[in-house]
Structures are given as structure tokens and as C-alpha cells.
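Q: run-v7.tsv is reproduced below (TSV, C-alpha atoms).
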chain	number	residue	atom	x	y	z
A	53	MET	CA	99.49	13.44	-43.84
A	54	GLN	CA	96.17	11.81	-44.76
A	55	ILE	CA	96.36	9.67	-47.90
A	56	TYR	CA	93.24	9.07	-50.01
A	57	LEU	CA	92.61	6.64	-52.85
A	58	ALA	CA	90.21	8.19	-55.39
A	59	VAL	CA	87.77	5.47	-56.47
A	60	THR	CA	84.57	5.03	-58.42
A	61	PRO	CA	81.76	3.05	-56.75
A	62	ALA	CA	82.76	-0.04	-58.76
A	63	GLU	CA	86.33	0.18	-57.43
A	64	ALA	CA	85.59	1.01	-53.80
A	65	GLN	CA	85.32	-2.48	-52.32
A	66	GLU	CA	88.54	-3.73	-53.90
A	67	ALA	CA	90.42	-0.55	-52.98
A	68	ALA	CA	89.22	-0.76	-49.37
A	69	ARG	CA	91.05	-4.08	-49.03
A	70	TYR	CA	94.28	-2.12	-49.20
A	71	HIS	CA	93.41	1.33	-47.86
A	72	ARG	CA	90.41	2.61	-45.92
A	73	SER	CA	90.55	6.34	-46.67
A	74	LEU	CA	88.75	6.83	-49.98
A	75	ALA	CA	87.73	9.79	-52.10
A	76	HIS	CA	84.42	8.72	-53.61
A	77	VAL	CA	84.36	9.68	-57.29
A	78	ALA	CA	80.60	9.24	-57.44
A	79	TYR	CA	79.18	12.74	-57.75
A	80	CYS	CA	78.52	15.11	-60.62
A	81	ILE	CA	76.63	18.34	-61.24
A	82	GLY	CA	73.17	18.02	-62.77
A	83	PRO	CA	70.56	20.42	-64.15
A	84	ASP	CA	69.21	23.17	-61.91
A	85	SER	CA	72.30	23.11	-59.65
A	86	THR	CA	71.62	19.60	-58.35
A	87	LEU	CA	74.15	17.13	-56.95
A	88	LEU	CA	73.85	13.75	-58.66
A	89	ARG	CA	75.11	10.54	-57.07
A	90	GLN	CA	76.07	7.54	-59.17
A	91	ASN	CA	75.63	3.93	-57.97
A	92	LEU	CA	77.16	4.43	-54.54
A	93	LEU	CA	76.59	1.63	-52.04
A	94	LEU	CA	74.00	2.53	-49.42
A	95	GLN	CA	76.36	1.66	-46.56
A	96	THR	CA	79.21	3.90	-47.78
A	97	ARG	CA	80.49	6.05	-44.92
A	98	GLY	CA	83.61	8.12	-44.30
A	99	GLY	CA	86.28	9.44	-46.62
A	100	ILE	CA	85.86	12.37	-49.00
A	101	LEU	CA	83.09	13.41	-51.40
A	102	SER	CA	84.57	13.93	-54.88
A	103	VAL	CA	82.55	15.85	-57.47
A	104	THR	CA	83.42	16.34	-61.13
A	105	ASP	CA	82.42	19.13	-63.49
A	106	ARG	CA	82.72	16.96	-66.59
A	107	ASP	CA	79.79	17.74	-68.92
A	108	ALA	CA	78.30	19.90	-66.16
A	109	PRO	CA	75.85	22.69	-67.03
A	110	PHE	CA	76.13	26.25	-65.81
A	111	ILE	CA	75.72	26.39	-62.02
A	112	ALA	CA	72.94	28.93	-61.58
A	113	SER	CA	72.73	28.51	-57.81
A	114	PRO	CA	76.14	27.72	-56.25
A	115	GLU	CA	74.73	28.10	-52.72
A	116	GLN	CA	72.04	25.49	-53.43
A	117	LEU	CA	74.60	23.04	-54.79
A	118	ALA	CA	76.94	23.67	-51.86
A	119	ALA	CA	74.08	23.02	-49.43
A	120	ALA	CA	73.33	19.70	-51.17
A	121	ALA	CA	76.99	18.68	-50.87
A	122	LEU	CA	76.96	19.49	-47.16
A	123	ARG	CA	73.84	17.42	-46.60
A	124	GLU	CA	75.51	14.48	-48.34
A	125	CYS	CA	78.60	14.93	-46.18
A	126	GLY	CA	76.38	14.76	-43.12
A	127	ARG	CA	74.52	11.66	-44.28
A	128	ARG	CA	77.71	9.80	-45.22
A	129	SER	CA	80.07	11.17	-42.55
A	130	TYR	CA	82.41	12.55	-45.21
A	131	GLY	CA	85.36	14.47	-43.84
A	132	GLY	CA	85.52	17.00	-46.69
A	133	VAL	CA	85.03	17.60	-50.41
A	134	LEU	CA	87.32	17.25	-53.42
A	135	LEU	CA	86.48	19.35	-56.47
A	136	ASP	CA	87.78	17.20	-59.33
A	137	PHE	CA	87.27	20.00	-61.83
A	138	GLU	CA	88.75	19.71	-65.32
A	139	GLN	CA	87.60	23.00	-66.83
A	140	PRO	CA	89.43	26.31	-66.27
A	141	PRO	CA	87.92	28.39	-63.45
A	142	ALA	CA	84.70	30.10	-64.51
A	143	PRO	CA	82.62	32.48	-62.37
A	144	ASP	CA	79.99	29.85	-61.51
A	145	ARG	CA	82.61	27.23	-60.57
A	146	LEU	CA	84.52	29.75	-58.48
A	147	ALA	CA	81.31	30.76	-56.71
A	148	LEU	CA	80.62	27.11	-55.87
A	149	ALA	CA	84.14	26.65	-54.50
A	150	GLN	CA	83.80	29.78	-52.38
A	151	ALA	CA	80.44	28.67	-50.99
A	152	LEU	CA	81.74	25.19	-50.21
A	153	ALA	CA	84.92	26.43	-48.51
A	154	ARG	CA	82.86	28.77	-46.33
A	155	ARG	CA	80.19	26.22	-45.42
A	156	LEU	CA	82.48	23.20	-44.95
A	157	ALA	CA	84.94	24.77	-42.52
A	158	PRO	CA	86.69	23.41	-40.55
A	159	ARG	CA	86.41	20.40	-42.87
A	160	PRO	CA	88.68	20.81	-45.92
A	161	LEU	CA	87.77	21.66	-49.49
A	162	TYR	CA	90.44	20.34	-51.89
A	163	VAL	CA	90.67	22.16	-55.22
A	164	PRO	CA	92.80	22.18	-58.42
A	165	GLU	CA	95.65	24.69	-58.51
A	166	GLY	CA	93.59	26.99	-60.70
A	167	TYR	CA	91.25	27.57	-57.75
A	168	ALA	CA	94.03	28.44	-55.31
A	169	SER	CA	92.62	31.96	-54.86
A	170	VAL	CA	89.50	30.61	-53.09
A	171	PRO	CA	89.79	31.61	-49.39
A	172	GLY	CA	90.09	28.59	-47.12
A	173	ALA	CA	90.45	26.03	-49.92
A	174	VAL	CA	93.33	23.54	-50.04
A	175	PRO	CA	94.96	23.52	-53.50
A	176	LEU	CA	96.39	20.33	-54.98
A	177	VAL	CA	100.04	20.27	-56.09
A	178	CYS	CA	100.84	17.78	-58.87
A	179	THR	CA	103.79	15.47	-58.14
A	180	ALA	CA	104.52	14.48	-61.78
A	181	LEU	CA	107.61	16.65	-62.13
A	182	SER	CA	109.77	16.30	-65.25
A	183	GLY	CA	112.53	18.78	-64.42
A	184	GLY	CA	114.30	20.52	-61.54
A	185	SER	CA	114.21	19.35	-57.92
A	186	PHE	CA	111.12	17.68	-56.46
A	187	LEU	CA	111.99	18.77	-52.92
A	188	GLN	CA	112.60	22.36	-53.97
A	189	TYR	CA	109.39	22.35	-56.02
A	190	LEU	CA	107.33	21.37	-52.97
A	191	GLN	CA	109.19	23.80	-50.72
A	192	GLU	CA	108.51	26.69	-53.11
A	193	ALA	CA	104.83	25.72	-53.38
A	194	ALA	CA	104.57	25.63	-49.58
A	195	GLY	CA	106.32	28.98	-49.23
A	196	ALA	CA	103.93	30.59	-51.71
A	197	ARG	CA	100.88	29.41	-49.74
A	198	GLY	CA	102.04	30.20	-46.22
A	199	GLY	CA	103.01	26.65	-45.34
A	200	ALA	CA	102.65	23.09	-46.58
A	201	GLY	CA	99.70	22.52	-44.23
A	202	ASN	CA	97.62	24.64	-46.60
A	203	LEU	CA	98.30	22.29	-49.52
A	204	ALA	CA	97.67	18.69	-50.60
A	205	LEU	CA	99.47	16.45	-53.09
A	206	ASP	CA	97.93	15.26	-56.35
A	207	VAL	CA	100.06	12.12	-56.72
A	208	GLN	CA	100.05	11.39	-60.43
A	209	ARG	CA	101.96	8.35	-61.65
A	210	LEU	CA	104.58	9.58	-64.09
A	211	ARG	CA	105.24	7.62	-67.31
A	212	MET	CA	106.63	9.98	-69.92
A	213	ASP	CA	108.74	9.52	-73.07
A	214	PHE	CA	110.95	12.48	-74.05
A	215	LEU	CA	112.67	12.77	-77.42
A	216	LEU	CA	116.13	14.25	-76.79
A	217	PRO	CA	117.01	17.05	-76.72
A	218	ALA	CA	113.77	17.85	-74.89
A	219	GLU	CA	113.94	21.62	-75.29
A	220	THR	CA	110.34	22.24	-74.24
A	221	GLY	CA	110.38	19.87	-71.27
A	222	GLU	CA	107.26	18.21	-72.68
A	223	GLY	CA	107.14	14.46	-73.22
A	224	ARG	CA	104.63	11.98	-74.55
A	225	PRO	CA	102.54	10.23	-71.88
A	226	LEU	CA	102.75	6.44	-71.95
A	227	GLY	CA	99.87	4.17	-71.04
A	228	GLN	CA	100.55	1.25	-68.74
A	229	GLN	CA	100.48	-1.38	-71.48
A	230	GLU	CA	102.60	0.71	-73.86
A	231	PHE	CA	105.13	1.33	-71.09
A	232	GLN	CA	105.31	-2.37	-70.21
A	233	VAL	CA	105.80	-3.38	-73.85
A	234	LEU	CA	108.58	-0.80	-74.17
A	235	VAL	CA	110.39	-2.09	-71.10
A	236	GLU	CA	110.12	-5.70	-72.22
A	237	ARG	CA	111.40	-4.86	-75.71
A	238	GLU	CA	114.31	-2.66	-74.66
A	239	SER	CA	115.34	-4.41	-71.39
A	240	PRO	CA	116.92	-1.09	-70.35
A	241	ALA	CA	119.29	-0.27	-67.52
A	242	VAL	CA	117.12	1.71	-65.08
A	243	PHE	CA	118.47	4.53	-62.92
A	244	PHE	CA	117.09	6.68	-60.11
A	245	SER	CA	117.06	10.49	-60.17
A	246	GLN	CA	117.41	11.85	-56.65
A	247	ASP	CA	116.38	15.34	-57.80
A	248	LEU	CA	113.24	14.25	-59.64
A	249	CYS	CA	112.46	11.44	-57.21
A	250	ALA	CA	111.72	9.19	-60.22
A	251	ARG	CA	113.30	6.40	-62.23
A	252	TYR	CA	114.50	6.73	-65.80
A	253	PHE	CA	116.12	4.96	-68.71
A	254	THR	CA	117.14	5.76	-72.27
A	255	TYR	CA	116.76	3.91	-75.55
A	256	THR	CA	117.39	4.59	-79.23
A	257	ARG	CA	114.94	4.15	-82.08
A	258	ASP	CA	115.36	5.20	-85.73
A	259	GLY	CA	118.59	6.98	-84.82
A	260	GLU	CA	116.87	9.14	-82.15
A	261	THR	CA	117.47	8.97	-78.41
A	262	HIS	CA	114.55	8.76	-76.03
A	263	PHE	CA	114.52	9.48	-72.29
A	264	VAL	CA	111.77	7.75	-70.29
A	265	LEU	CA	110.87	9.04	-66.84
A	266	PHE	CA	108.56	6.98	-64.64
A	267	ASP	CA	107.25	6.26	-61.16
A	268	ASP	CA	107.01	2.95	-59.39
A	269	ALA	CA	105.91	2.04	-55.86
A	270	ASP	CA	109.25	3.10	-54.36
A	271	THR	CA	109.31	6.54	-55.99
A	272	LEU	CA	105.68	7.23	-55.11
A	273	GLN	CA	106.33	6.23	-51.50
A	274	GLN	CA	109.33	8.53	-51.41
A	275	LYS	CA	107.28	11.42	-52.78
A	276	LEU	CA	104.68	10.76	-50.10
A	277	ARG	CA	107.38	10.68	-47.41
A	278	ILE	CA	108.80	14.01	-48.60
A	279	GLY	CA	105.35	15.59	-48.65
A	280	SER	CA	104.59	14.26	-45.19
A	281	ALA	CA	107.91	15.49	-43.80
A	282	LEU	CA	107.25	18.97	-45.18
A	283	GLY	CA	103.81	19.00	-43.55
A	284	PHE	CA	101.42	18.66	-46.50
A	285	SER	CA	97.93	18.03	-45.18
A	286	ALA	CA	96.81	15.25	-47.55
A	287	ALA	CA	97.64	13.31	-50.69
A	288	PHE	CA	95.40	11.81	-53.38
A	289	LEU	CA	96.18	8.81	-55.58
A	290	MET	CA	93.94	7.69	-58.44
A	291	TYR	CA	93.07	4.03	-57.96
A	292	PRO	CA	93.35	3.02	-61.67
A	293	GLU	CA	96.86	4.54	-61.86
A	294	VAL	CA	98.23	2.64	-58.86
A	295	ARG	CA	96.10	-0.51	-58.73
A	296	ASP	CA	99.04	-2.76	-59.58
A	297	LEU	CA	101.20	-1.05	-56.93
A	298	LEU	CA	98.80	-1.23	-53.97
A	299	PRO	CA	100.42	-4.23	-52.22
A	300	ARG	CA	103.70	-2.32	-52.10
A	301	LEU	CA	102.24	1.13	-51.45
A	302	PHE	CA	100.25	-0.16	-48.49
A	303	PRO	CA	102.11	-3.28	-47.30
A	304	GLY	CA	100.45	-5.32	-44.61
A	305	SER	CA	97.16	-3.45	-44.90
A	306	ARG	CA	95.21	-5.90	-47.08
A	307	THR	CA	92.04	-7.10	-45.41
For this file, write the structure as C-alpha cells.
A:
Amino acid sequence: MQIYLAVTPAEAQEAARYHRSLAHVAYCIGPDSTLLRQNLLLQTRGGILSVTDRDAPFIASPEQLAAAALRECGRRSYGGVLLDFEQPPAPDRLALAQALARRLAPRPLYVPEGYASVPGAVPLVCTALSGGSFLQYLQEAAGARGGAGNLALDVQRLRMDFLLPAETGEGRPLGQQEFQVLVERESPAVFFSQDLCARYFTYTRDGETHFVLFDDADTLQQKLRIGSALGFSAAFLMYPEVRDLLPRLFPGSRT
């Protein structure tokens, strides 16, 4: 399984000290179906081209934009494209994904789960599971897509606070600093959930019980091992989410 760190141009050099395979979060969609590149070092080569649709206009010519992405892949020796799309699938976005998947082959096009219907694309499966069995969750996703080799992992670092009883299964996301302050204040006993492949602890505030579920380097490594054993083709980690964990996620690789 190929593991990528998703990085902005400002983060790329530091991230490359720990891991060489990068998804370059340096591209966006401009007016007139153009591909815009942001502050990428001239010598950047290899990895994956990552393009966002944040604040993007309507894509009037998906084929033109797909062709521009392919030219950039050729210039930079990118091994594929990641569509880091935040908006729900719209006809113009779907048309772009379809054009890219067709033109890129056999190189992969990685897409959000909402674009799983695009022929030839590799959907991302989020690892931030808050209930059930992580292994079963991945097995069911692989079964629905004709095998894990047709999927990739979106490895999101879980830090979630649930007020019990959590009837909806929805918790409140915790930022890194807020999570650290909470741990230092509560000094909780921390346990490991084999099913969720995550750590957890409980605490009480104002007479209410809270359940905190979180990932660390060990749980993320285990999730990666499970995905690799099942045959998932790739995994993506966001550099800002795991920056403090890199020495343990990629031991011995610092250059």
C-alpha cells in the first residue's frame, strides 16, 4: 500500500525529511477552466497532484481542465491525481472526474466517496470510525467495490468528545490544543478499543459523563497495517494532522 503525506508547498520540505511520497496540495481551479498552481518549488517532482474545488467557479470545459492536469503530471512526473473536493458532486465536477479517470489511466485518480460512481476512479474511505468494527467496516467497503485494491484510505486523525449517552453517534471534534489541555487537566486512564482501533477515556464535568475517542501514532499505524493487509491501494495522511507523530509513524526515515 502506497502511503502519501498531503502537504502544501510550505510544508513539503519538512515533510520530505520523514516521508518521500507526497500529495502536493498546490493546485486549484481558476476562471475559464484553468488549473492554477500555488508557490510550488520549481524542482518538485514525483508524488501526486492534489487539486481542490474550494471557491472554484463552474467548470465550463472539464476536458480542457483535465488536459491541463495531465500536462502538469507529465512535467512533474506525478503518479496520479487526488481530487480534494469539498462540495457535493455537481455535473461539472463529475464531468471533470470522468475525464481525468479516462485520460490518466493506468495512473490512479483518487476521489471522495461521493464520486465513487466515476468509472475507473479510486474512492477514499475515511478511517475516523466512531462505532462498530474498523476491520468489518473496511471489509464491507472493499466488498462493495469489488475488492480493496479499488479503494484508498483517507486517514483522518480522530479526536472526538461524546456526551453520554451518545444516541446519535455524533461527537464534538477536538482541536489538538484543546485535546492536550483536556488530557493534562483530567489525567485520565486511557484504554484501547480493539474494535474501533482507537484509544479512549472518560471524564465527568458538571455531572455529565464524556467519552473521548482519539488516535495516536500506534492506532494510526495499526489502521494502516489493517488496510495494507486487506489490499487497499493507497492511504493519505494530512501533514498538519500528524506532524507531531511523524517520527513514530515513519521511524528511521528522517533525512
Q: Contacts of A:Pro303 at 9 Å or less, counting only C-alpha atoms, minus same-chain residues fewer than 4 places along, as an MDAnalysis selection string?
A: chainID A and resid 70 298:299
Q: Using Å and a single decimal, report how far atom CA of A:Gln90 sits from atom CA of A:Glu293.
A: 21.2 Å
Q: Tell me which protein, DNA and RNA residues are within 10 Å of A:Phe231, counting all atoms listed in the file, leaving out same-chain ones fewer than 4 positions away, and put them as a PyMOL selection string.
A: chain A and resi 211-213+225-227+235-237+264+266
Q: Which polymer residues, whether protein, DNA or RNA, lie within 12 Å of the coordinate (101.1, -4.8, -63.4) when you count only C-alpha atoms? List them as a PyMOL selection string, using the chain letters and numbers from the file.
A: chain A and resi 227-233+268-269+292-300
Q: Need the shell around stretch 286-289 of chain A: protein/DNA/RNA residues with any atom at most 9 Å away, counting all atoms listed in the file. Skip same-chain ones fewer than 6 positions apart. Format as an NGL selection string?
A: :A and (53-58 or 74-75 or 176 or 201 or 203-209 or 276 or 279-280)
Q: Between atom CA of A:Glu63 and atom CA of A:Leu117, what is the distance in Å, rounded to a tenth?
A: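 It comes out at 25.8 Å.
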Q: Any idea what the distance is between atom CA of A:Gly221 and atom CA of A:Ala200?
A: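 According to the coordinates, atom CA of A:Gly221 and atom CA of A:Ala200 are separated by 26.1 Å.
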Q: Using all atoms listed in the file, which of the listed residues (A:Leu282, A:Ala120, A:Val177, A:Ala194) sits closest to A:Leu148?
A: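 Closest candidate: A:Ala120.
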Q: Could you check the closest approach to A:Gly98 for each of A:Pro61, A:Pro114, A:Gly166, A:Gly126 and tell me which residue wins, using only C-alpha atoms?
A: A:Gly126
Q: Nearest to A:Gln139: which of A:Ala78, A:Ile111, A:Arg106, A:Arg155 is it, counting all atoms listed in the file?
A: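 Using all atoms listed in the file, A:Gln139 sits closest to A:Arg106.
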Q: Rank nothing, just name the residue among A:Ala67, A:Leu272, A:Ile81, A:Leu215 nearest to A:Thr254, using all atoms listed in the file.
A: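 Counting all atoms listed in the file, the residue closest to A:Thr254 is A:Leu215.
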Q: Nearest to A:Ser239: which of A:Asp270, A:Phe253, A:Val163, A:Leu156 is it, counting only C-alpha atoms?
A: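 For A:Ser239, the nearest of the given residues is A:Phe253.
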